[in-house]
file protein.cif (mmCIF, C-alpha atoms)
data_work
#
loop_
_atom_site.label_atom_id
_atom_site.label_comp_id
_atom_site.auth_asym_id
_atom_site.auth_seq_id
_atom_site.Cartn_x
_atom_site.Cartn_y
_atom_site.Cartn_z
CA MET A 1 50.66 80.00 -24.86
CA CYS A 2 49.78 80.00 -28.51
CA SER A 3 51.47 76.70 -29.12
CA ARG A 4 49.87 75.23 -26.03
CA PHE A 5 46.51 76.24 -27.37
CA ARG A 6 47.30 74.67 -30.70
CA ASN A 7 48.38 71.49 -29.02
CA GLY A 8 45.20 71.47 -27.01
CA LEU A 9 43.09 71.96 -30.09
CA ALA A 10 44.94 69.30 -32.01
CA GLY A 11 44.56 67.06 -29.01
CA SER A 12 40.84 67.63 -28.95
CA VAL A 13 40.66 66.61 -32.54
CA GLY A 14 42.63 63.52 -31.67
CA MET A 15 40.14 62.82 -28.92
CA ALA A 16 37.22 63.09 -31.26
CA VAL A 17 39.02 60.82 -33.64
CA LEU A 18 39.55 58.34 -30.86
CA ALA A 19 35.93 58.66 -29.94
CA MET A 20 34.70 58.11 -33.45
CA SER A 21 36.58 54.96 -34.10
CA GLY A 22 37.21 52.10 -31.79
CA CYS A 23 35.18 49.05 -32.59
CA ALA A 24 32.23 48.99 -34.88
CA SER A 25 29.81 47.57 -32.37
CA THR A 26 29.73 46.06 -28.93
CA GLY A 27 29.24 42.65 -30.41
CA SER A 28 32.34 42.77 -32.54
CA THR A 29 34.75 43.18 -29.68
CA ALA A 30 34.80 39.58 -28.62
CA MET A 31 36.77 38.70 -31.70
CA ALA A 32 39.01 40.66 -34.00
CA PRO A 33 37.36 41.78 -37.21
CA PRO A 34 38.58 39.90 -40.26
CA PRO A 35 41.52 41.43 -42.14
CA GLY A 36 40.42 44.05 -44.61
CA ASN A 37 37.21 44.70 -42.71
CA MET A 38 38.50 47.50 -40.55
CA VAL A 39 36.59 49.30 -37.87
CA GLU A 40 35.26 52.65 -39.01
CA GLY A 41 37.97 55.13 -39.67
CA ASN A 42 38.89 58.58 -38.57
CA ARG A 43 36.90 61.61 -39.46
CA GLN A 44 39.22 64.34 -38.40
CA SER A 45 36.87 67.10 -39.45
CA VAL A 46 34.16 65.93 -37.06
CA LEU A 47 34.47 67.21 -33.51
CA HIS A 48 31.61 66.85 -31.13
CA PRO A 49 30.91 65.23 -27.82
CA GLY A 50 28.13 62.75 -27.51
CA PRO A 51 27.64 59.04 -27.74
CA VAL A 52 30.93 57.50 -28.63
CA ARG A 53 31.88 54.01 -29.53
CA PRO A 54 33.97 52.10 -27.05
CA VAL A 55 37.69 51.83 -27.51
CA ARG A 56 39.35 48.52 -26.93
CA PHE A 57 42.52 47.64 -25.15
CA VAL A 58 44.59 45.82 -27.74
CA ARG A 59 47.32 43.23 -27.49
CA ASN A 60 49.87 42.51 -30.17
CA PRO A 61 48.80 39.34 -31.99
CA MET A 62 51.88 39.43 -34.24
CA ALA A 63 54.54 38.98 -31.57
CA GLY A 64 57.22 36.65 -32.85
CA ASP A 65 55.84 36.50 -36.40
CA ALA A 66 58.70 37.04 -38.87
CA GLU A 67 56.35 36.97 -41.83
CA ALA A 68 54.46 39.92 -40.35
CA ILE A 69 57.58 42.07 -40.68
CA GLU A 70 57.90 41.21 -44.36
CA ASP A 71 54.23 41.98 -44.94
CA GLY A 72 54.62 45.19 -42.95
CA LYS A 73 57.49 46.29 -45.16
CA ARG A 74 55.35 45.81 -48.26
CA LEU A 75 52.41 47.66 -46.65
CA PHE A 76 54.70 50.47 -45.48
CA GLY A 77 55.48 51.13 -49.15
CA GLN A 78 51.96 50.52 -50.36
CA TYR A 79 50.41 53.09 -48.01
CA ASN A 80 53.16 55.58 -48.77
CA CYS A 81 54.42 55.83 -45.19
CA SER A 82 57.74 56.76 -46.73
CA GLY A 83 56.11 59.93 -48.07
CA CYS A 84 56.63 61.42 -44.61
CA HIS A 85 58.96 59.03 -42.83
CA ALA A 86 61.26 58.30 -45.79
CA ALA A 87 62.72 54.84 -45.44
CA GLY A 88 62.57 55.26 -41.70
CA GLY A 89 65.04 58.14 -41.49
CA GLY A 90 62.30 60.74 -41.28
CA ALA A 91 61.57 63.85 -43.29
CA ILE A 92 58.19 65.53 -42.78
CA GLY A 93 57.44 63.00 -40.07
CA PRO A 94 59.78 61.74 -37.38
CA ALA A 95 62.49 59.18 -37.93
CA LEU A 96 61.61 55.60 -37.13
CA ILE A 97 65.09 54.18 -36.84
CA ASP A 98 66.23 56.13 -33.77
CA ASP A 99 65.28 55.67 -30.14
CA GLN A 100 62.96 58.69 -29.93
CA TRP A 101 59.32 57.65 -29.67
CA THR A 102 56.94 60.55 -29.09
CA TYR A 103 53.94 58.26 -28.67
CA GLY A 104 55.59 55.10 -27.43
CA SER A 105 57.46 52.29 -29.10
CA SER A 106 55.37 49.27 -28.15
CA ALA A 107 53.55 47.50 -30.94
CA ALA A 108 50.27 48.62 -29.38
CA ASN A 109 51.42 52.25 -29.26
CA ILE A 110 52.42 52.10 -32.92
CA PHE A 111 49.19 50.31 -33.78
CA TRP A 112 47.18 53.19 -32.30
CA THR A 113 49.38 55.77 -33.99
CA ILE A 114 48.64 54.16 -37.34
CA ILE A 115 44.93 53.66 -36.73
CA GLU A 116 44.07 56.92 -34.99
CA GLY A 117 46.79 59.26 -36.19
CA ARG A 118 48.53 61.72 -33.88
CA PRO A 119 48.11 65.45 -33.36
CA GLY A 120 50.29 67.60 -35.54
CA GLY A 121 50.43 65.75 -38.82
CA MET A 122 50.10 61.97 -38.66
CA PRO A 123 46.77 61.12 -40.25
CA GLY A 124 44.70 58.24 -38.98
CA PHE A 125 44.66 55.30 -41.34
CA GLY A 126 41.82 53.54 -39.57
CA GLY A 127 39.49 53.66 -42.56
CA LYS A 128 42.09 52.40 -45.00
CA VAL A 129 44.34 49.99 -43.15
CA SER A 130 42.82 46.93 -41.53
CA GLU A 131 43.71 46.11 -37.92
CA ASP A 132 45.65 43.10 -39.15
CA GLN A 133 47.64 45.26 -41.56
CA ALA A 134 48.30 47.87 -38.86
CA TRP A 135 49.86 45.20 -36.63
CA ARG A 136 52.07 44.07 -39.53
CA ILE A 137 53.19 47.63 -40.24
CA ALA A 138 53.86 48.11 -36.50
CA ALA A 139 55.98 44.95 -36.51
CA TYR A 140 57.98 46.29 -39.45
CA VAL A 141 58.41 49.74 -37.89
CA ARG A 142 59.71 48.12 -34.71
CA SER A 143 62.15 46.08 -36.76
CA LEU A 144 63.46 49.29 -38.39
CA ALA A 145 64.45 50.55 -34.95
CA LYS A 146 65.87 47.11 -34.09
CA LEU A 147 63.59 46.88 -31.09
CA PRO A 148 63.54 43.47 -29.46
CA GLU A 149 60.65 41.18 -30.13
CA GLU A 150 57.76 41.66 -27.75
CA GLU A 151 56.26 38.87 -25.77
CA ARG A 152 52.83 39.70 -24.66
CA PRO A 153 50.99 36.68 -23.37
CA ALA A 154 47.28 37.11 -22.76
CA GLY A 155 46.52 37.85 -19.14
CA GLY A 156 49.37 40.27 -18.63
CA LEU A 157 52.97 39.91 -17.70
CA PRO A 158 53.75 36.85 -15.65
CA GLY A 159 55.13 37.70 -12.26
CA ALA A 160 54.24 41.38 -12.52
CA THR A 161 52.39 43.00 -9.65
CA ALA A 162 48.86 44.25 -10.18
CA VAL A 163 50.18 47.82 -10.23
CA GLU A 164 52.68 46.93 -12.97
CA ARG A 165 50.06 45.11 -14.98
CA GLY A 166 47.75 48.09 -14.55
CA ARG A 167 50.44 50.48 -15.74
CA GLU A 168 50.83 48.29 -18.79
CA VAL A 169 47.09 48.46 -19.48
CA PHE A 170 47.19 52.23 -19.03
CA LEU A 171 50.12 52.74 -21.39
CA GLN A 172 49.26 50.14 -24.03
CA GLY A 173 45.55 50.78 -24.04
CA PRO A 174 43.74 53.88 -25.11
CA CYS A 175 44.06 55.68 -21.72
CA ALA A 176 47.49 57.08 -22.51
CA MET A 177 46.28 58.54 -25.76
CA CYS A 178 44.49 61.27 -23.79
CA HIS A 179 45.83 61.21 -20.21
CA THR A 180 49.16 61.94 -18.59
CA VAL A 181 50.66 60.11 -15.63
CA ARG A 182 53.98 61.82 -15.06
CA GLY A 183 56.87 59.42 -14.81
CA THR A 184 55.34 56.80 -17.10
CA GLY A 185 56.09 58.34 -20.48
CA SER A 186 52.48 59.35 -21.11
CA TYR A 187 51.87 63.03 -21.62
CA SER A 188 48.82 63.65 -23.72
CA ARG A 189 46.88 66.75 -22.71
CA VAL A 190 43.51 65.88 -24.18
CA GLY A 191 42.03 64.65 -20.90
CA PRO A 192 42.89 65.48 -17.27
CA ASP A 193 46.35 64.76 -15.87
CA LEU A 194 46.01 61.64 -13.71
CA THR A 195 49.39 61.82 -11.98
CA HIS A 196 47.72 62.22 -8.57
CA MET A 197 44.53 60.38 -9.39
CA ALA A 198 44.28 58.64 -6.03
CA SER A 199 44.48 61.93 -4.14
CA ARG A 200 41.39 63.28 -5.81
CA LYS A 201 38.16 63.31 -3.85
CA THR A 202 35.92 63.12 -6.89
CA ILE A 203 35.96 62.01 -10.50
CA ALA A 204 33.90 62.87 -13.58
CA ALA A 205 34.24 66.65 -13.11
CA GLY A 206 33.31 66.51 -9.44
CA THR A 207 30.14 64.51 -9.90
CA LEU A 208 31.14 61.19 -8.28
CA PRO A 209 33.13 60.23 -5.17
CA ASN A 210 36.52 58.81 -6.15
CA THR A 211 35.83 55.21 -5.22
CA ARG A 212 36.87 52.05 -7.00
CA GLY A 213 33.28 51.33 -7.94
CA ASN A 214 32.65 54.74 -9.46
CA LEU A 215 35.98 54.66 -11.23
CA ALA A 216 35.12 51.29 -12.79
CA GLY A 217 31.73 52.53 -13.96
CA TRP A 218 33.27 55.73 -15.29
CA ILE A 219 35.97 53.93 -17.29
CA LEU A 220 33.60 51.35 -18.73
CA ASN A 221 30.65 53.59 -19.56
CA PRO A 222 31.25 57.32 -19.01
CA GLN A 223 28.60 58.48 -21.45
CA ASN A 224 25.91 57.01 -19.27
CA LEU A 225 27.15 58.87 -16.19
CA LYS A 226 27.87 62.18 -17.88
CA PRO A 227 26.19 62.45 -21.27
CA GLY A 228 28.28 64.51 -23.66
CA THR A 229 31.61 63.85 -21.98
CA GLN A 230 34.51 63.50 -24.38
CA MET A 231 35.71 60.43 -22.52
CA PRO A 232 34.92 57.40 -24.63
CA ALA A 233 33.86 54.08 -23.19
CA THR A 234 36.68 51.57 -22.90
CA GLN A 235 36.21 47.85 -23.23
CA LEU A 236 38.54 45.87 -21.05
CA GLU A 237 38.86 42.26 -20.04
CA SER A 238 38.00 42.03 -16.37
CA GLN A 239 41.58 41.20 -15.33
CA ASP A 240 42.81 44.27 -17.19
CA LEU A 241 40.20 46.48 -15.55
CA HIS A 242 41.09 45.30 -12.05
CA ALA A 243 44.79 45.84 -12.69
CA LEU A 244 44.10 49.28 -14.15
CA LEU A 245 42.02 50.25 -11.10
CA THR A 246 44.83 49.10 -8.81
CA PHE A 247 47.33 51.15 -10.80
CA LEU A 248 45.14 54.28 -10.68
CA GLU A 249 44.64 53.83 -6.94
CA SER A 250 48.40 53.74 -6.49
CA LEU A 251 48.78 57.26 -7.93
CA GLN A 252 48.88 59.27 -4.72
CA MET J 1 7.76 49.02 2.45
CA ALA J 2 6.93 47.35 5.70
CA ALA J 3 4.57 45.06 3.84
CA LEU J 4 7.30 44.11 1.39
CA VAL J 5 9.73 43.37 4.14
CA LEU J 6 7.10 41.33 5.88
CA LEU J 7 6.34 39.50 2.66
CA LEU J 8 9.96 38.72 2.01
CA GLY J 9 10.44 37.72 5.57
CA SER J 10 7.61 35.27 5.48
CA CYS J 11 8.31 33.85 2.04
CA SER J 12 12.01 33.46 1.84
CA GLY J 13 13.44 34.39 5.17
CA LYS J 14 15.93 36.66 3.43
CA THR J 15 15.38 39.77 5.47
CA SER J 16 15.36 37.93 8.74
CA ALA J 17 18.69 36.36 7.76
CA ILE J 18 20.29 39.78 7.30
CA ALA J 19 20.29 40.38 10.99
CA GLY J 20 21.90 43.67 11.85
CA GLY J 21 21.66 44.98 8.29
CA LYS J 22 20.32 48.54 8.14
CA PRO J 23 18.69 49.34 4.77
CA GLU J 24 18.83 53.11 5.30
CA ALA J 25 22.55 52.98 5.98
CA GLY J 26 22.95 50.60 3.06
CA LYS J 27 21.34 53.08 0.70
CA LYS J 28 23.84 55.77 1.65
CA LEU J 29 26.70 53.31 1.34
CA ALA J 30 25.50 52.17 -2.08
CA ALA J 31 25.59 55.80 -3.20
CA TRP J 32 29.06 56.36 -1.76
CA TYR J 33 30.71 53.22 -3.07
CA GLY J 34 29.22 53.94 -6.46
CA CYS J 35 27.01 50.90 -7.13
CA GLY J 36 24.94 53.17 -9.34
CA SER J 37 27.81 53.83 -11.72
CA CYS J 38 27.31 50.33 -13.06
CA HIS J 39 23.82 49.33 -11.87
CA GLU J 40 20.36 50.82 -12.03
CA LEU J 41 19.01 51.22 -8.51
CA PRO J 42 15.41 52.45 -8.30
CA GLY J 43 15.03 55.40 -5.96
CA LEU J 44 18.73 56.24 -5.79
CA PRO J 45 19.51 59.54 -7.57
CA GLY J 46 21.99 59.14 -10.39
CA ALA J 47 22.08 55.37 -10.10
CA THR J 48 21.50 54.74 -13.77
CA GLY J 49 24.51 52.55 -14.56
CA GLN J 50 24.41 50.38 -17.65
CA VAL J 51 27.50 48.27 -17.09
CA GLY J 52 25.98 45.54 -14.92
CA PRO J 53 22.39 44.35 -14.51
CA PRO J 54 19.65 46.52 -12.98
CA LEU J 55 18.90 45.59 -9.39
CA HIS J 56 15.14 46.06 -9.29
CA ARG J 57 13.39 43.37 -7.26
CA ILE J 58 16.64 41.57 -6.67
CA ALA J 59 15.14 39.96 -3.58
CA ARG J 60 12.84 37.93 -5.82
CA ARG J 61 15.53 36.50 -8.02
CA ALA J 62 16.41 32.85 -7.63
CA TYR J 63 20.05 33.26 -8.58
CA ILE J 64 22.54 36.12 -8.52
CA THR J 65 25.73 36.63 -10.54
CA GLY J 66 24.44 34.01 -12.97
CA SER J 67 25.88 31.30 -10.82
CA VAL J 68 24.97 31.21 -7.13
CA PRO J 69 21.62 30.93 -5.31
CA ASN J 70 20.27 34.22 -4.04
CA THR J 71 20.86 33.81 -0.33
CA PRO J 72 21.79 36.62 2.04
CA ALA J 73 25.17 35.03 2.66
CA ASN J 74 25.91 34.74 -1.07
CA LEU J 75 24.73 38.28 -1.75
CA MET J 76 26.87 39.72 1.05
CA ARG J 77 29.88 37.74 -0.17
CA TRP J 78 29.29 38.92 -3.71
CA ILE J 79 29.05 42.56 -2.61
CA ARG J 80 32.23 42.33 -0.55
CA GLU J 81 34.44 40.04 -2.65
CA PRO J 82 32.92 39.46 -6.08
CA ARG J 83 36.14 38.12 -7.58
CA LYS J 84 36.23 35.32 -5.02
CA VAL J 85 32.78 34.26 -6.17
CA ASP J 86 33.59 34.56 -9.87
CA ALA J 87 37.23 35.15 -10.83
CA ARG J 88 36.25 36.46 -14.26
CA THR J 89 33.74 39.06 -13.14
CA ILE J 90 34.21 42.68 -14.16
CA MET J 91 32.77 43.81 -10.81
CA PRO J 92 35.62 45.15 -8.66
CA ASP J 93 36.38 44.29 -5.04
CA MET J 94 35.85 47.59 -3.27
CA GLY J 95 37.17 46.78 0.18
CA ILE J 96 33.70 46.79 1.72
CA SER J 97 33.61 45.81 5.40
CA GLU J 98 31.36 43.08 6.72
CA GLN J 99 28.95 45.52 8.34
CA HIS J 100 28.79 47.67 5.23
CA GLY J 101 28.17 44.57 3.12
CA ARG J 102 25.38 43.59 5.48
CA ASP J 103 23.80 47.04 5.26
CA ILE J 104 24.04 47.17 1.47
CA ALA J 105 22.55 43.68 1.11
CA ALA J 106 19.70 44.66 3.44
CA TYR J 107 19.11 47.76 1.32
CA LEU J 108 19.18 45.83 -1.97
CA TYR J 109 16.56 43.42 -0.67
CA THR J 110 14.17 46.36 -0.21
CA LEU J 111 14.33 47.40 -3.88
CA ASP J 112 11.07 47.23 -5.74
#

call {"tool": "encode", "arguments": {"input": "protein.cif", "output": "structure tokens"}}
result
Amino acid sequence: MCSRFRNGLAGSVGMAVLAMSGCASTGSTAMAPPPGNMVEGNRQSVLHPGPVRPVRFVRNPMAGDAEAIEDGKRLFGQYNCSGCHAAGGGAIGPALIDDQWTYGSSAANIFWTIIEGRPGGMPGFGGKVSEDQAWRIAAYVRSLAKLPEEERPAGGLPGATAVERGREVFLQGPCAMCHTVRGTGSYSRVGPDLTHMASRKTIAAGTLPNTRGNLAGWILNPQNLKPGTQMPATQLESQDLHALLTFLESLQ
Amino acid sequence: MAALVLLLGSCSGKTSAIAGGKPEAGKKLAAWYGCGSCHELPGLPGATGQVGPPLHRIARRAYITGSVPNTPANLMRWIREPRKVDARTIMPDMGISEQHGRDIAAYLYTLD
């Protein structure tokens, strides 16, 4: 019970952190900010609901870039990642060379872990590491574990069904940082468990019928529908939103 | 309201073209499907969405969706299958039936 409470509290902090960062402004989301000009960083001591900046769904721009791994190695040392993770074998923090990935092993998962931090010790480096640098460190970390190179063409996975593409958006995007869908490898307890999302009659704490339209509006701009909610706005390309909606509607 | 409908009917023929569309039913459907989560709809409680454009006086607009003329047929098609009108739109297809689309379009054309 005690540890559950602690997890919940830490999770709430993580949520606030997620809420505080994301992109700097609506206008900046169309293009990635230049390297070294990172979106505003984490303020782990600040915890309050209210207007939050949108969080973007990110794709790995470094896929297949060997130079990125070299840069990532240098940055890994520069930012003292080894202080907790040693040379990848782990010490205070978890090992990075095994096949255990508490928060996911995709480049996007690792990107978010670096930028936002994780409950229970990993600080967010969002204010210090640029997005470009975070992708390079993620590429290096993946290489430590000898994970195969990711191919992530824009527009989703070719040949995948809408449900599969939507699951990808859910897991790679910010959704999985707060929500659980059992059986997918997501298990954050910050927000409600969405395992049976499609069986729910209402969303937004009972305020809206659970329809595709309401779900879309809730995901894209929850603050407007329920001021003060901890759910941050999410900015998605339209194809990603439609796939995500289809995935959520498949969760009976 | 009657005057507005009459006005629209005489000017553009829009309301007369939505034969069989029931604005009162359309209002309830708009609330249920959740139009107001993304759009502002005057007179509909909680319909304060700021994702898409507000729908005040939509009957008077020349174009909808930024691309097609504002005709009853286009509006109904947009409501029912927006992604067939514009593949890149963020507006989701919500599985709205033809009659429901007709009712919602009739309702939207009454908005002041």

call {"tool": "resolve_selection", "arguments": {"input": "protein.cif", "expression": "the PyMOL selection byres ((chain A) within 12 of (chain J))", "output": "PyMOL selection string"}}
result
chain A and resi 155+201-204+207-227+233-246+249

call {"tool": "resolve_selection", "arguments": {"input": "protein.cif", "expression": "the PyMOL selection byres ((chain A and resi 104) around 10)", "output": "PyMOL selection string"}}
result
chain A and resi 100-103+105-110+112-113+171-172+176+185-186

call {"tool": "write_last_selection", "arguments": {"input": "protein.cif", "atoms": "C-alpha atoms", "output": "short mmCIF file (atom, residue, chain, number, x, y, z; two decimals), in the frame of the given file"}}
result
data_model
loop_
_atom_site.label_atom_id
_atom_site.label_comp_id
_atom_site.auth_asym_id
_atom_site.auth_seq_id
_atom_site.Cartn_x
_atom_site.Cartn_y
_atom_site.Cartn_z
CA GLN A 100 62.96 58.69 -29.93
CA TRP A 101 59.32 57.65 -29.67
CA THR A 102 56.94 60.55 -29.09
CA TYR A 103 53.94 58.26 -28.67
CA SER A 105 57.46 52.29 -29.10
CA SER A 106 55.37 49.27 -28.15
CA ALA A 107 53.55 47.50 -30.94
CA ALA A 108 50.27 48.62 -29.38
CA ASN A 109 51.42 52.25 -29.26
CA ILE A 110 52.42 52.10 -32.92
CA TRP A 112 47.18 53.19 -32.30
CA THR A 113 49.38 55.77 -33.99
CA LEU A 171 50.12 52.74 -21.39
CA GLN A 172 49.26 50.14 -24.03
CA ALA A 176 47.49 57.08 -22.51
CA GLY A 185 56.09 58.34 -20.48
CA SER A 186 52.48 59.35 -21.11
#

call {"tool": "resolve_selection", "arguments": {"input": "protein.cif", "expression": "the PyMOL selection byres ((chain A and resi 181) around 12)", "output": "JSON, numbers by chain"}}
result
{"A": [167, 170, 171, 175, 176, 177, 178, 179, 180, 182, 183, 184, 185, 186, 187, 188, 189, 191, 192, 193, 194, 195, 196, 197, 198, 247, 248, 250, 251, 252]}

call {"tool": "closest_residue", "arguments": {"input": "protein.cif", "among": "J:Ile18, J:Leu41, J:Ile79, J:Ile58", "to": "Ile96 of chain J", "atoms": "only C-alpha atoms"}}
result
J:Ile79

call {"tool": "atom_distance", "arguments": {"input": "protein.cif", "atom1": "atom CA of Ala62 of chain J", "atom2": "atom CA of Lys28 of chain J"}}
result
25.8 Å

call {"tool": "closest_residue", "arguments": {"input": "protein.cif", "among": "A:Tyr79, A:Glu149, A:Asp99, A:Ile92", "to": "Lys128 of chain A", "atoms": "all atoms listed in the file"}}
result
A:Tyr79

call {"tool": "decode", "arguments": {"input": "protein.cif", "residues": "segment 57-66 of chain A", "atoms": "all heavy atoms", "output": "PDB file, in the first residue's frame"}}
result
ATOM      1  N   PHE A  57       3.607  13.790 -30.348  1.00  0.00           N
ATOM      2  CA  PHE A  57       4.014  12.442 -30.705  1.00  0.00           C
ATOM      3  C   PHE A  57       5.293  12.581 -31.521  1.00  0.00           C
ATOM      4  O   PHE A  57       5.357  13.376 -32.442  1.00  0.00           O
ATOM      5  CB  PHE A  57       2.926  11.775 -31.543  1.00  0.00           C
ATOM      6  CG  PHE A  57       3.339  10.449 -32.106  1.00  0.00           C
ATOM      7  CD1 PHE A  57       3.901   9.482 -31.304  1.00  0.00           C
ATOM      8  CD2 PHE A  57       3.164  10.183 -33.448  1.00  0.00           C
ATOM      9  CE1 PHE A  57       4.282   8.253 -31.831  1.00  0.00           C
ATOM     10  CE2 PHE A  57       3.531   8.958 -33.985  1.00  0.00           C
ATOM     11  CZ  PHE A  57       4.095   7.996 -33.164  1.00  0.00           C
ATOM     12  N   VAL A  58       6.318  11.846 -31.128  1.00  0.00           N
ATOM     13  CA  VAL A  58       7.607  12.005 -31.809  1.00  0.00           C
ATOM     14  C   VAL A  58       7.975  10.764 -32.604  1.00  0.00           C
ATOM     15  O   VAL A  58       7.595   9.651 -32.251  1.00  0.00           O
ATOM     16  CB  VAL A  58       8.739  12.306 -30.799  1.00  0.00           C
ATOM     17  CG1 VAL A  58       8.517  13.657 -30.141  1.00  0.00           C
ATOM     18  CG2 VAL A  58       8.839  11.218 -29.746  1.00  0.00           C
ATOM     19  N   ARG A  59       8.686  10.978 -33.671  1.00  0.00           N
ATOM     20  CA  ARG A  59       9.240   9.868 -34.453  1.00  0.00           C
ATOM     21  C   ARG A  59      10.753  10.002 -34.449  1.00  0.00           C
ATOM     22  O   ARG A  59      11.286  11.096 -34.391  1.00  0.00           O
ATOM     23  CB  ARG A  59       8.731   9.922 -35.897  1.00  0.00           C
ATOM     24  CG  ARG A  59       7.253   9.651 -36.013  1.00  0.00           C
ATOM     25  CD  ARG A  59       6.865   9.626 -37.490  1.00  0.00           C
ATOM     26  NE  ARG A  59       5.427   9.670 -37.635  1.00  0.00           N
ATOM     27  CZ  ARG A  59       4.628   8.620 -37.470  1.00  0.00           C
ATOM     28  NH1 ARG A  59       5.144   7.453 -37.159  1.00  0.00           N
ATOM     29  NH2 ARG A  59       3.333   8.736 -37.617  1.00  0.00           N
ATOM     30  N   ASN A  60      11.428   8.888 -34.545  1.00  0.00           N
ATOM     31  CA  ASN A  60      12.878   8.876 -34.489  1.00  0.00           C
ATOM     32  C   ASN A  60      13.482   9.403 -35.793  1.00  0.00           C
ATOM     33  O   ASN A  60      13.420   8.730 -36.822  1.00  0.00           O
ATOM     34  CB  ASN A  60      13.353   7.443 -34.236  1.00  0.00           C
ATOM     35  CG  ASN A  60      14.858   7.352 -34.211  1.00  0.00           C
ATOM     36  OD1 ASN A  60      15.534   8.375 -34.173  1.00  0.00           O
ATOM     37  ND2 ASN A  60      15.365   6.136 -34.219  1.00  0.00           N
ATOM     38  N   PRO A  61      14.092  10.575 -35.759  1.00  0.00           N
ATOM     39  CA  PRO A  61      14.681  11.106 -36.993  1.00  0.00           C
ATOM     40  C   PRO A  61      16.087  10.550 -37.236  1.00  0.00           C
ATOM     41  O   PRO A  61      16.688  10.832 -38.267  1.00  0.00           O
ATOM     42  CB  PRO A  61      14.732  12.613 -36.722  1.00  0.00           C
ATOM     43  CG  PRO A  61      14.864  12.729 -35.245  1.00  0.00           C
ATOM     44  CD  PRO A  61      14.214  11.518 -34.642  1.00  0.00           C
ATOM     45  N   MET A  62      16.615   9.790 -36.283  1.00  0.00           N
ATOM     46  CA  MET A  62      18.004   9.327 -36.391  1.00  0.00           C
ATOM     47  C   MET A  62      18.097   7.884 -36.875  1.00  0.00           C
ATOM     48  O   MET A  62      19.187   7.307 -36.845  1.00  0.00           O
ATOM     49  CB  MET A  62      18.695   9.420 -35.020  1.00  0.00           C
ATOM     50  CG  MET A  62      18.699  10.789 -34.398  1.00  0.00           C
ATOM     51  SD  MET A  62      19.810  11.904 -35.258  1.00  0.00           S
ATOM     52  CE  MET A  62      19.333  13.467 -34.530  1.00  0.00           C
ATOM     53  N   ALA A  63      16.989   7.294 -37.248  1.00  0.00           N
ATOM     54  CA  ALA A  63      17.027   5.882 -37.655  1.00  0.00           C
ATOM     55  C   ALA A  63      18.041   5.690 -38.770  1.00  0.00           C
ATOM     56  O   ALA A  63      18.031   6.411 -39.771  1.00  0.00           O
ATOM     57  CB  ALA A  63      15.640   5.443 -38.106  1.00  0.00           C
ATOM     58  N   GLY A  64      18.922   4.747 -38.588  1.00  0.00           N
ATOM     59  CA  GLY A  64      19.896   4.422 -39.632  1.00  0.00           C
ATOM     60  C   GLY A  64      21.059   5.389 -39.716  1.00  0.00           C
ATOM     61  O   GLY A  64      21.794   5.394 -40.706  1.00  0.00           O
ATOM     62  N   ASP A  65      21.271   6.208 -38.702  1.00  0.00           N
ATOM     63  CA  ASP A  65      22.348   7.198 -38.740  1.00  0.00           C
ATOM     64  C   ASP A  65      23.484   6.734 -37.821  1.00  0.00           C
ATOM     65  O   ASP A  65      23.412   6.847 -36.602  1.00  0.00           O
ATOM     66  CB  ASP A  65      21.793   8.554 -38.295  1.00  0.00           C
ATOM     67  CG  ASP A  65      22.830   9.665 -38.399  1.00  0.00           C
ATOM     68  OD1 ASP A  65      24.031   9.351 -38.563  1.00  0.00           O
ATOM     69  OD2 ASP A  65      22.443  10.841 -38.320  1.00  0.00           O
ATOM     70  N   ALA A  66      24.546   6.194 -38.430  1.00  0.00           N
ATOM     71  CA  ALA A  66      25.648   5.633 -37.639  1.00  0.00           C
ATOM     72  C   ALA A  66      26.376   6.725 -36.867  1.00  0.00           C
ATOM     73  O   ALA A  66      26.877   6.506 -35.756  1.00  0.00           O
ATOM     74  CB  ALA A  66      26.619   4.889 -38.546  1.00  0.00           C
TER      75      ALA A  66
END
